[in-house]
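Okay, so here's the structure we're looking at.
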Amino acid sequence: MLAELAFSVSDLAQMRFAVAPMWEVGPSYRLLACGSTPLVHRPWVEQVRPRLTAAGLDRGWLAELVPPSGYVPDFLNPVPTGPAPSLADELAGIRATTPARIRRDLDRLGQEQGGLGPRARTLYAEPQARLVRVLEEIETYWELALAPYWARIRAVLDADVFHRARQAAEHGAAHLFNDLHPSVSWGDSALRLTHRNRPLSRGTAGSGLLLIPSVFVHPVPFTRVAPSDPPQLAYPARGTGSLWEPRPTAGTEALAAVLGRSRTRLLTELETPASTTELARRTGLSAPGVSQSLTALREAGLVTAHRAGRSVLYARTSVAESLLVAYTPGVERGRSQGGEP
């Protein structure tokens with residue numbers, strides 16, 4: 001089906017980009033829950049899916065609110081408050097949803113899915129009381145599945161926004177739209193989407209447009225269109241193909257001279273998030289020594305810690321990624337920061 005969204009001069013003037021954590025939560029959860037995994041995300045899925053199952057998140061609130069295909073309730077993707085809201089900002093937006101809005105979204109979900117699950121039915125009956133449980137589960141999911149990888153993901157998203165903004169500045173909005181995705185095109189003052197199942201109109205959406213890159217939106221853009229809110233178009237971000245590729249870390253002797261060999265070794269081992277026990281097993285260092293080094297690296301802003309059940313996962317920050325690139329001979333810096341392969 002071909003859907004068209006008309007644009008006035010005012011709508012174009014209000015168009016903006018945003019990096020929105022909830023547009024990574026929903027699509028990534030759907031990817032984990034589905035049977036087939038895109039090759040590009042296989043390394044991430046293999047690491048995260050066991051954590052998801054162990055925490056019971058494969059059969060919780062998100063399992064009912066984010067179905068394998070089709071509509072996801074609009075209240076789960078509030079209008080971003082700025083160019084890069086935090087997860088806390090987005091959760092505050094969800095928390096502010098009116099009971100009437102929640103029920104309206106759940107009515108549509110039930111119609112499209114042939115009924116609501118037991119948890120969704122309790123949310124319908126007691127929106128304000130049950131929404132707290134939904135938000136708690138989203139926070140848990142974030143810590144397990146996305147927070148340890150956010151530095152990498154955010155680098156890709158920021159690089160995409162920079163590229164698109166430059167496109168618009170140098171070539172105009174029409175060029176920007178026509179380059180977003182094969183299913184998106186621009187002409188006669190209207191944006192056209194070939195894979196949207198419902199019509200688009202300014203009568204069902206507010207003014208302007210929010211363009212939101214996502215590494216997990218696949219294979220076509222997702223849209224959110226709700227009365228009075230600006231329409232949101234979440235599209236596959238450039239550079240996602242190299243998101244999970246190993247970063248070159250050979251030849252880090254210069255960095256070891258600054259940080260010490262043990263701490264440098266731990267940074268290189270954190271190519272994927274890991275616990276203290278796992279890092280000790282990989283490196284042959286003692287668990288207390290690993291813990292002490294991780295504490296120092298965390299205080300220096302080089303690693304972050306994320307609760308995963310009974311253990312804590314450590315992950316490199318964007319600062320650490322930049323350091324490894326700077327001290328690794330022959331590595332192109334743009335690529336490590338989420339640029340095109």
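Chain lettering (A, B, ...) mirrors the order of the structure tokens, residue numbering begins at 1 for each chain separately, and ligand numbering begins at 1 in order of display.
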
- Message: When DSSP is applied to the backbone of this structure, which of stretch 98-274 of chain A are assigned helix (DSSP H, G or I)? Write them out as number ranges by chain.
- Response: A: 99-113, 118-125, 127-171, 173-180, 240-242, 253-259, 261-269

What lies within 12 Å of A:Asn197 using only C-alpha atoms, ignoring chain neighbours under 6 positions off, as a PyMOL selection string?
chain A and resi 1-4+70-71+112+222-223

Among A:Ala274, A:Cys34, A:Leu267, A:Ala84, A:Ala308 is approached most closely, using only C-alpha atoms, by A:Ala274

Point to revise | Residues near stretch 80-82 of chain A, cut-off 12 Å, only C-alpha atoms, skip fewer than 2 positions along chain, as a count of residues only | key: 31

Residues within 10 Å of A:Pro219, only C-alpha atoms, excluding chain neighbours under 4 positions, as a ChimeraX atom specification = /A:38,181,235-236

(request) Could you please determine the separation between atom CA of A:Gly203 and atom CA of A:Ser10 in Å, to one decimal place? (result)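 We find that atom CA of A:Gly203 and atom CA of A:Ser10 lie 15.3 Å from each other.
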
- In terms of the shortest atom-to-atom distance over only C-alpha atoms, which of A:Ala205, A:Arg261, A:Pro83, A:Leu233 is closest to A:Leu193?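 Checking each of A:Ala205, A:Arg261, A:Pro83, A:Leu233 against A:Leu193, counting only C-alpha atoms, the winner is A:Leu233.
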
Review point. Tell me, which residues of stretch 52-294 of chain A carry DSSP strand (DSSP E or B), written as a list in words?
Key: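 Here is the list: Val184, Ser185, Trp186, Gly187, Ala190, Leu191, Arg192, Leu193, Leu209, Leu210, Leu211, Ile212, Pro213, Ser214, Phe222, Thr223, Arg224, Gln232, Leu233, Ala234, Tyr235, Pro236 and Ala274 of chain A.
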
TODO: Please provide the set of residues having any atom within 12 Å of A:Arg265, restricted to only C-alpha atoms, with same-chain residues fewer than 4 positions apart removed, written as an MDAnalysis selection string.
DONE: chainID A and resid 249:253 255:257 259:261 269:271 279:280 282:285 290 293:294 297 324

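Shortest separation to A:Ser275 among A:Ser322, A:Thr317, A:Pro148, A:Ser201 occurs at residue A:Pro148, atoms counted being only C-alpha atoms.
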
Got a sec: who's within 9 Å of A:Ile153, counting only C-alpha atoms, leaving out chain neighbours fewer than 6 positions off, as a ChimeraX atom specification?
/A:146,214-215,240,243,338

| task | Please provide as a ChimeraX atom specification all residues within 9 Å of A:Arg154, with the sequence filter that same-chain residues fewer than 4 positions apart are discarded (counting only C-alpha atoms). | result | /A:19,149-150,158-159,318,338

Keeping only C-alpha atoms, write those residues as an mmCIF file, in the first residue's frame.
```
data_model
loop_
_atom_site.group_PDB
_atom_site.id
_atom_site.type_symbol
_atom_site.label_atom_id
_atom_site.label_comp_id
_atom_site.auth_asym_id
_atom_site.auth_seq_id
_atom_site.Cartn_x
_atom_site.Cartn_y
_atom_site.Cartn_z
ATOM 1 C CA VAL A 19 18.103 9.715 18.719
ATOM 2 C CA TYR A 149 26.286 -1.728 24.015
ATOM 3 C CA TRP A 150 24.957 1.823 24.011
ATOM 4 C CA ASP A 158 25.091 10.086 15.802
ATOM 5 C CA ALA A 159 27.101 9.456 12.633
ATOM 6 C CA SER A 318 32.990 5.686 23.813
ATOM 7 C CA GLY A 338 30.216 4.371 13.682
#
```

Calculated over only C-alpha atoms, which of the candidates A:Glu299, A:Ala226, A:Ala13, A:Asp179 has the smallest distance to A:Pro199?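 Of A:Glu299, A:Ala226, A:Ala13, A:Asp179, the one nearest A:Pro199, counting only C-alpha atoms, is A:Ala226.
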
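Going from atom CA of A:Ala145 to atom CA of A:Thr37 covers 15.3 Å.
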